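K.L.:
What follows is a structure written as structure tokens; I'll ask about it next.
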Amino acid sequence: MPFTGSCHCGAIAYSVDEDTPAKAMECNCSICRRRGALHHFTTAEKFTLNTPRDALLTYRWNKQAIRYHFCRTCGCAPFAEGDSPNGPMVEINLRCVDEIDLDAVEVERFDGAHLVPGPQ
Ligand SMILES: [Zn+2]
């Protein structure tokens, strides 16, 4: 069953054509720890943005490879987009998913701080 997510004000809303994830990845790199995201990764084919793209502001850094979107109204960052060798990928911030028990999500920690160069 697809799951849905949104920013706080609702200007950004999406659906993902897969079951609500039971696992997440948390990264300690300089941007992930500031965004506070619990990551789930999916493919562009499974992702549908249900709101206009002009609600998004986008931040890029380092190799500019990932487009870190956030809401121009409420500032929440419910997803990001990037390109992988396997094609376009979408990062879902599980903290912005509508129906999810975050306490039940198994969190795997990723030591990005020692793999991703940049400001700490
Ligand atoms: Zn918003």
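Residue numbering restarts at 1 in every chain; chains get A, B, ... in the order shown in the structure tokens, and ligands count up from 1 in that same order.
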From a DSSP pass on the backbone, collect the residues of chain A flagged as helix (DSSP H, G or I) and hand them back as a list in words.
P.N.:
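In chain A, DSSP puts these residues in helix (DSSP H, G or I): Cys32, Arg33, Arg34, Arg35, Ala44, Glu45, Lys46, Arg53, Asp54, Ala55, Leu94, Arg95, Cys96, Leu102, Asp103, Ala104, Gly112, Ala113 and His114 of chain A.
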K.L.:
Using only C-alpha atoms and all ligand atoms, determine which residues fall within 6 Å of ligand 1, then list them as a list in words.
P.N.:
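Protein and nucleic-acid residues within 6 Å of ligand 1: Cys7, His8, Cys9, Gly10, Ala11, Ile12, Cys71, Thr73 and Cys74 of chain A.
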K.L.:
May I have the selected residues written with N, CA, C and O atoms, as a CSV table (one decimal), in the first residue's frame?
P.N.:
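Result went into selection.csv, see below:
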```
chain,number,residue,atom,x,y,z
A,7,CYS,N,5.3,18.3,4.0
A,7,CYS,CA,5.9,19.2,4.9
A,7,CYS,C,4.8,19.7,6.0
A,7,CYS,O,3.7,19.2,5.9
A,8,HIS,N,5.2,20.5,6.9
A,8,HIS,CA,4.2,20.9,7.9
A,8,HIS,C,3.0,21.7,7.4
A,8,HIS,O,1.9,21.4,7.8
A,9,CYS,N,3.2,22.6,6.5
A,9,CYS,CA,2.1,23.4,6.0
A,9,CYS,C,1.3,22.8,4.9
A,9,CYS,O,0.2,23.2,4.6
A,10,GLY,N,1.8,21.7,4.3
A,10,GLY,CA,1.1,21.0,3.3
A,10,GLY,C,1.4,21.5,1.9
A,10,GLY,O,0.8,20.9,0.9
A,11,ALA,N,2.3,22.4,1.7
A,11,ALA,CA,2.6,22.9,0.4
A,11,ALA,C,3.4,21.9,-0.4
A,11,ALA,O,3.4,21.9,-1.7
A,12,ILE,N,4.1,21.0,0.3
A,12,ILE,CA,4.7,19.8,-0.3
A,12,ILE,C,4.1,18.6,0.2
A,12,ILE,O,4.0,18.3,1.4
A,71,CYS,N,10.6,23.3,2.1
A,71,CYS,CA,9.4,24.1,1.8
A,71,CYS,C,9.7,25.6,2.0
A,71,CYS,O,10.3,26.0,3.0
A,73,THR,N,7.7,27.8,2.6
A,73,THR,CA,6.8,28.4,3.6
A,73,THR,C,7.1,28.0,5.0
A,73,THR,O,7.3,28.8,5.9
A,74,CYS,N,7.2,26.7,5.2
A,74,CYS,CA,7.4,26.2,6.6
A,74,CYS,C,8.8,25.7,6.9
A,74,CYS,O,9.1,25.4,8.1
```
K.L.:
Name all residues at most 10 Å from region 101-114 of chain A (count only C-alpha atoms; drop same-chain ones fewer than 2 positions away) and give them as a list of chain:residue names.
P.N.:
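Skipping anything fewer than 2 positions along the chain leaves A:Thr20, A:Pro21, A:Ala22, A:Lys23, A:Ala24, A:Met25, A:Glu26, A:Cys27, A:Asn28, A:Cys29, A:Ser30, A:Ile31, A:Cys32, A:Arg33, A:Leu38, A:His39, A:Leu94, A:Arg95, A:Val97, A:Asp98, A:Glu99, A:Val116, A:Pro117, A:Gly118, A:Pro119, A:Gln120.
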K.L.:
With distances taken over only C-alpha atoms, which of A:Cys76, A:Phe41, A:Leu49, A:Gly36 is nearest to Ala13 (chain A)?
P.N.:
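Among the listed residues, the smallest separation from Ala13 (chain A) belongs to A:Leu49.
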K.L.:
At what distance in Å, to one decimal, does CA of Thr58 (chain A) lie from CA of Phe70 (chain A)?
P.N.:
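So the two atoms, CA of Phe70 (chain A) and CA of Thr58 (chain A), lie 6.3 Å apart.
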K.L.:
According to DSSP computed on the backbone, where in region 29-113 of chain A is there strand (DSSP E)? Give the residues as a ChimeraX atom specification.
P.N.:
/A:39-43,47-49,56-59,66-71,79-84,87-93,106-110
K.L.:
Work out how far apart CA of Ser15 (chain A) and CA of Arg34 (chain A) are and give it in Å to one decimal.
P.N.:
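According to the coordinates, CA of Ser15 (chain A) and CA of Arg34 (chain A) are separated by 24.7 Å.
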K.L.:
Select, from A:Thr43, A:Thr51, A:Asn62, A:Ser6, the residue with the minimum atom-to-atom distance to Ser84 (chain A), counting only C-alpha atoms.
P.N.:
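Using only C-alpha atoms, Ser84 (chain A) sits closest to A:Thr43.
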K.L.:
If you measure from CA of His69 (chain A) to CA of Leu57 (chain A), what distance in Å do you get, rounded to one decimal?
P.N.:
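It comes out at 5.6 Å.
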K.L.:
Report as a list of chain:residue names all protein, DNA and RNA residues lying within 12 Å of Val90 (chain A), evaluated on only C-alpha atoms, omitting residues in the same chain fewer than 3 positions from it.
P.N.:
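The filter keeps A:Tyr14, A:Ser15, A:Val16, A:His39, A:His40, A:Phe41, A:Thr42, A:Thr43, A:Ala44, A:Glu45, A:Lys46, A:Phe47, A:Thr48, A:Leu49, A:Ile66, A:Arg67, A:Tyr68, A:His69, A:Pro78, A:Phe79, A:Ala80, A:Glu81, A:Gly82, A:Asp83, A:Ser84, A:Asn86, A:Gly87, A:Asn93.
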K.L.:
Could you save those same residues with C-alpha atoms as a PDB file, in the first residue's frame?
P.N.:
```pdb
ATOM      1  CA  TYR A  14       3.909  13.200  -2.026  1.00  0.00           C
ATOM      2  CA  SER A  15       3.092   9.551  -2.261  1.00  0.00           C
ATOM      3  CA  VAL A  16       5.442   6.606  -2.573  1.00  0.00           C
ATOM      4  CA  HIS A  39      16.394   8.469   5.516  1.00  0.00           C
ATOM      5  CA  HIS A  40      14.583   6.027   3.306  1.00  0.00           C
ATOM      6  CA  PHE A  41      15.680   5.720  -0.301  1.00  0.00           C
ATOM      7  CA  THR A  42      13.434   4.928  -3.219  1.00  0.00           C
ATOM      8  CA  THR A  43      13.428   5.259  -6.982  1.00  0.00           C
ATOM      9  CA  ALA A  44      11.975   8.128  -8.972  1.00  0.00           C
ATOM     10  CA  GLU A  45       9.403   5.787 -10.574  1.00  0.00           C
ATOM     11  CA  LYS A  46       7.829   5.048  -7.204  1.00  0.00           C
ATOM     12  CA  PHE A  47       7.723   8.696  -6.125  1.00  0.00           C
ATOM     13  CA  THR A  48       4.905  11.101  -7.014  1.00  0.00           C
ATOM     14  CA  LEU A  49       4.984  14.742  -5.990  1.00  0.00           C
ATOM     15  CA  ILE A  66      21.916  15.827  -4.320  1.00  0.00           C
ATOM     16  CA  ARG A  67      19.058  18.337  -4.441  1.00  0.00           C
ATOM     17  CA  TYR A  68      18.027  18.959  -0.837  1.00  0.00           C
ATOM     18  CA  HIS A  69      14.528  20.361  -1.108  1.00  0.00           C
ATOM     19  CA  PRO A  78      10.455  16.079   3.426  1.00  0.00           C
ATOM     20  CA  PHE A  79      12.534  14.759   0.513  1.00  0.00           C
ATOM     21  CA  ALA A  80      15.640  15.127  -1.621  1.00  0.00           C
ATOM     22  CA  GLU A  81      16.544  13.982  -5.111  1.00  0.00           C
ATOM     23  CA  GLY A  82      19.732  12.735  -6.647  1.00  0.00           C
ATOM     24  CA  ASP A  83      21.214  10.633  -9.397  1.00  0.00           C
ATOM     25  CA  SER A  84      22.746   7.252  -8.754  1.00  0.00           C
ATOM     26  CA  ASN A  86      21.090   2.996 -11.193  1.00  0.00           C
ATOM     27  CA  GLY A  87      19.124   6.109 -12.152  1.00  0.00           C
ATOM     28  CA  ASN A  93      12.631  11.885   5.243  1.00  0.00           C
TER      29      ASN A  93
END
```
